[in-house]
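A.B. asks: You'll find run.txt just under this line, and it carries compact mmCIF, C-alpha atoms.
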```txt
# COMPACT_ATOMS: atom_id res chain seq x y z
CA MET X 104 3.78 7.89 7.84
CA GLY X 105 2.35 4.43 8.25
CA LEU X 106 4.02 1.09 8.77
CA ILE X 107 3.46 -2.48 7.65
CA TYR X 108 5.02 -5.18 9.78
CA TYR X 109 5.37 -8.30 7.65
CA ASP X 110 5.87 -11.79 9.06
CA GLY X 111 7.16 -10.57 12.43
CA ALA X 112 10.08 -8.67 10.85
CA ASP X 113 11.77 -6.01 12.99
CA ASN X 114 12.16 -3.61 10.07
CA PRO X 115 8.73 -2.35 8.96
CA ILE X 116 7.82 -1.07 5.52
CA HIS X 117 7.28 2.72 5.69
CA ILE X 118 4.35 3.92 3.60
CA GLU X 119 2.51 7.23 3.45
CA ASP X 120 -0.71 7.01 5.55
CA ARG X 121 -3.07 7.73 2.67
CA ALA X 122 -1.57 5.03 0.46
CA LEU X 123 -1.50 2.60 3.41
CA ALA X 124 -5.20 3.14 4.14
CA HIS X 125 -6.11 2.19 0.56
CA LEU X 126 -3.68 -0.71 0.52
CA LYS X 127 -5.11 -2.04 3.79
CA VAL X 128 -8.61 -2.30 2.29
CA VAL X 129 -7.37 -4.26 -0.74
CA VAL X 130 -5.03 -6.51 1.25
CA SER X 131 -7.69 -7.25 3.87
CA THR X 132 -10.27 -8.09 1.22
CA LYS X 133 -7.91 -10.41 -0.68
CA LEU X 134 -6.68 -12.19 2.45
CA ARG X 135 -10.22 -12.56 3.82
CA ARG X 136 -11.03 -14.39 0.57
CA ASN X 137 -7.99 -16.62 1.15
CA GLU X 138 -6.26 -15.16 -1.94
CA SER X 139 -2.49 -14.71 -2.17
CA PHE X 140 -0.65 -12.07 -4.23
CA THR X 141 2.53 -10.00 -4.34
CA LEU X 142 3.29 -6.47 -3.18
CA SER X 143 6.31 -4.73 -4.73
CA TRP X 144 8.06 -1.39 -4.45
CA ALA X 145 11.27 0.29 -5.58
CA HIS X 146 13.45 1.41 -2.69
CA PRO X 147 13.13 5.16 -2.07
CA ALA X 148 16.07 7.49 -2.75
CA GLY X 149 18.59 7.69 0.07
CA GLY X 150 18.34 4.01 0.92
CA ALA X 151 19.72 0.81 -0.50
CA PRO X 152 19.18 0.65 -4.27
CA GLY X 153 16.87 -1.94 -5.76
CA ARG X 154 13.33 -3.14 -5.20
CA THR X 155 11.50 -5.54 -2.92
CA THR X 156 8.61 -7.95 -3.50
CA ILE X 157 6.80 -9.76 -0.71
CA TRP X 158 4.29 -12.60 -0.96
CA LEU X 159 1.06 -11.89 0.90
CA HIS X 160 -0.79 -14.97 2.11
CA PRO X 161 -3.46 -15.41 4.82
CA SER X 162 -1.07 -17.51 6.95
CA ILE X 163 1.65 -14.80 7.07
CA PRO X 164 1.29 -12.31 9.96
CA LEU X 165 0.71 -8.74 8.84
CA ARG X 166 0.14 -5.58 10.90
CA PHE X 167 -0.77 -2.06 9.72
CA VAL X 168 0.19 0.91 11.92
CA PHE X 169 -1.00 4.44 11.09
CA ASP X 170 0.64 7.64 12.24
CA HIS X 171 -2.66 9.51 12.58
CA PRO X 172 -5.51 8.18 14.73
CA GLU X 173 -8.19 9.69 12.46
CA SER X 174 -9.63 7.63 9.62
CA ILE X 175 -8.66 8.67 6.12
CA GLU X 176 -11.25 9.28 3.41
CA LEU X 177 -10.90 6.54 0.83
CA ARG X 178 -11.21 6.90 -2.95
CA ALA X 179 -13.10 4.05 -4.62
CA GLU X 180 -11.13 4.54 -7.87
CA TRP X 181 -7.79 4.07 -6.10
CA ILE X 182 -9.05 0.95 -4.32
CA ALA X 183 -10.40 -0.49 -7.58
CA ALA X 184 -7.08 0.15 -9.37
CA MET X 185 -5.14 -1.55 -6.56
CA ALA X 186 -7.59 -4.48 -6.51
CA ASN X 187 -7.29 -4.96 -10.27
CA SER X 188 -3.51 -4.83 -9.97
CA ALA X 189 -3.56 -7.35 -7.11
CA ASN X 190 -5.54 -9.70 -9.36
CA SER X 191 -2.90 -9.51 -12.10
CA SER X 192 0.21 -11.66 -12.36
CA GLY X 193 2.35 -8.66 -11.34
CA GLY X 194 0.48 -7.98 -8.11
CA ILE X 195 0.37 -4.53 -6.50
CA THR X 196 3.28 -2.18 -7.15
CA LEU X 197 3.56 0.79 -4.80
CA LEU X 198 4.75 4.04 -6.33
CA THR X 199 7.87 5.75 -5.01
CA GLU X 200 5.85 8.73 -3.75
CA ASP X 201 3.85 6.38 -1.50
CA LEU X 202 7.00 5.35 0.37
CA VAL X 203 8.78 7.36 3.03
CA PRO X 204 12.44 8.08 2.14
CA PRO X 205 15.06 6.98 4.70
CA ALA X 206 16.25 10.60 5.15
CA GLU X 207 12.82 11.53 6.51
CA LEU X 208 12.87 8.56 8.87
CA THR X 209 16.18 9.56 10.41
CA ALA X 210 15.16 13.23 10.60
CA GLY X 211 12.24 12.18 12.79
CA SER X 212 9.48 13.80 10.78
CA ALA X 213 7.91 12.44 7.64
CA THR X 214 6.09 14.73 5.24
CA ARG X 215 3.11 13.79 3.14
CA SER X 216 3.97 12.67 -0.37
CA ARG X 217 0.90 14.43 -1.80
CA PRO X 218 -0.96 17.52 -0.67
CA GLU X 219 -4.27 16.83 1.11
CA GLY X 220 -7.04 16.27 -1.37
CA ASP X 221 -4.64 15.61 -4.25
CA SER X 222 -5.92 12.56 -6.06
CA ALA X 223 -3.58 9.63 -6.61
CA GLU X 224 -5.84 7.65 -8.92
CA GLY X 225 -4.37 9.20 -12.06
CA ASP X 226 -0.89 8.19 -10.90
CA ARG X 227 -1.75 4.51 -10.64
CA ALA X 228 -0.42 2.36 -13.43
CA VAL X 229 -2.22 -0.95 -13.30
CA ASP X 230 -0.08 -3.47 -15.10
CA GLY X 231 -1.87 -6.52 -16.35
CA ALA X 232 -5.29 -5.33 -15.15
CA ASP X 233 -7.64 -8.12 -16.07
CA GLY X 234 -10.92 -6.25 -15.72
CA SER X 235 -11.86 -8.11 -12.55
CA GLN X 236 -14.26 -6.51 -10.14
CA PRO X 237 -13.15 -4.31 -7.23
CA PRO X 238 -13.55 -5.64 -3.66
CA ASP X 239 -17.14 -6.63 -2.85
CA SER X 240 -17.40 -4.14 -0.01
CA VAL X 241 -15.51 -0.86 0.06
CA ASP X 242 -15.35 0.95 3.38
CA ARG X 243 -15.18 4.72 3.09
CA THR X 244 -12.62 5.04 5.90
CA ALA X 245 -9.62 3.04 6.99
```
Before anything else, please render the file you have as structure tokens.
C.D. replies:
Amino acid sequence: MGLIYYDGADNPIHIEDRALAHLKVVVSTKLRRNESFTLSWAHPAGGAPGRTTIWLHPSIPLRFVFDHPESIELRAEWIAAMANSANSSGGITLLTEDLVPPAELTAGSATRSRPEGDSAEGDRAVDGADGSQPPDSVDRTA
């Protein structure tokens, strides 16, 4: 389970490590280019109902924390889909399986939302993809 701390908030956003590694590449690329965009997600089951959207901007503090110290192998297709989504008017929308349900947080052990090696690219719906190019440099680990 990974965490994103947004704008100094005490309550981090809990995201599965693999999804967070891919998200970090896209967010870092966009912010390095001084580009702003939104990041949205539906609240996982077991928590408050609804959804959240945050505005990502280079001037807003952001910190990524990973559960595992090892780098995760990145999939170029997943990064490209996220980058295209970030370039759309809807921004990036995380899927429910990328988030860690509150029940797992209170139990003290989060499980992976996908088995190792299971590809997430086919799960990615890119709303409003405008055909823009993926990030100019894609690291293979995050």
A.B. asks: Between atom CA of Leu126 of chain X and atom CA of Ser192 of chain X, measure the distance and give it in Å to one decimal.
C.D. replies: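 Going from atom CA of Leu126 of chain X over to atom CA of Ser192 of chain X, I get 17.3 Å.
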A.B. asks: For Asp170 of chain X, work out the shell of residues within 8 Å, counting all atoms listed in the file and skipping chain neighbours fewer than 2 positions away, then give it as a list in words.
C.D. replies: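 The residues satisfying every condition are Met104, Gly105, Asp120, Val168 and Pro172 of chain X.
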A.B. asks: Only C-alpha atoms, please: the residues just picked out, written as a JSON list (two decimals), in the coordinates of the input.
C.D. replies:
```
[["chain", "number", "residue", "atom", "x", "y", "z"],
["X", 104, "MET", "CA", 3.78, 7.89, 7.84],
["X", 105, "GLY", "CA", 2.35, 4.43, 8.25],
["X", 120, "ASP", "CA", -0.71, 7.01, 5.55],
["X", 168, "VAL", "CA", 0.19, 0.91, 11.92],
["X", 172, "PRO", "CA", -5.51, 8.18, 14.73]]
```
A.B. asks: Could you state the separation of atom CA of Ala148 of chain X and atom CA of Ile116 of chain X in Å, given to one decimal place?
C.D. replies: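 Separating atom CA of Ala148 of chain X from atom CA of Ile116 of chain X is a distance of 14.5 Å.
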A.B. asks: Quote the spacing between atom CA of Ser174 of chain X and atom CA of Leu106 of chain X in Å to one decimal place.
C.D. replies: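 Between these atoms lies a distance of 15.2 Å.
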A.B. asks: Report as a PyMOL selection string all protein, DNA and RNA residues lying within 9 Å of Arg121 of chain X, evaluated on all atoms listed in the file, omitting residues in the same chain fewer than 2 positions from it.
C.D. replies: chain X and resi 104-105+118-119+123-126+175-177+201+215+217
A.B. asks: Quick one: what's the axis-aligned box for segment 147-160 of chain X, all listed atoms, 8 Å on every side, centre and edges in Å to one decimal, as lines of an AutoDock Vina configuration file?
C.D. replies:
```
center_x = 9.5
center_y = -3.6
center_z = -1.8
size_x = 36.5
size_y = 38.7
size_z = 23.9
```
A.B. asks: Let me make sure I understand: among X:Arg178, X:His160, X:His171, X:His117, which one has the smallest atom-to-atom distance to Arg136 of chain X if we use only C-alpha atoms?
C.D. replies: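 Nearest to Arg136 of chain X: X:His160.
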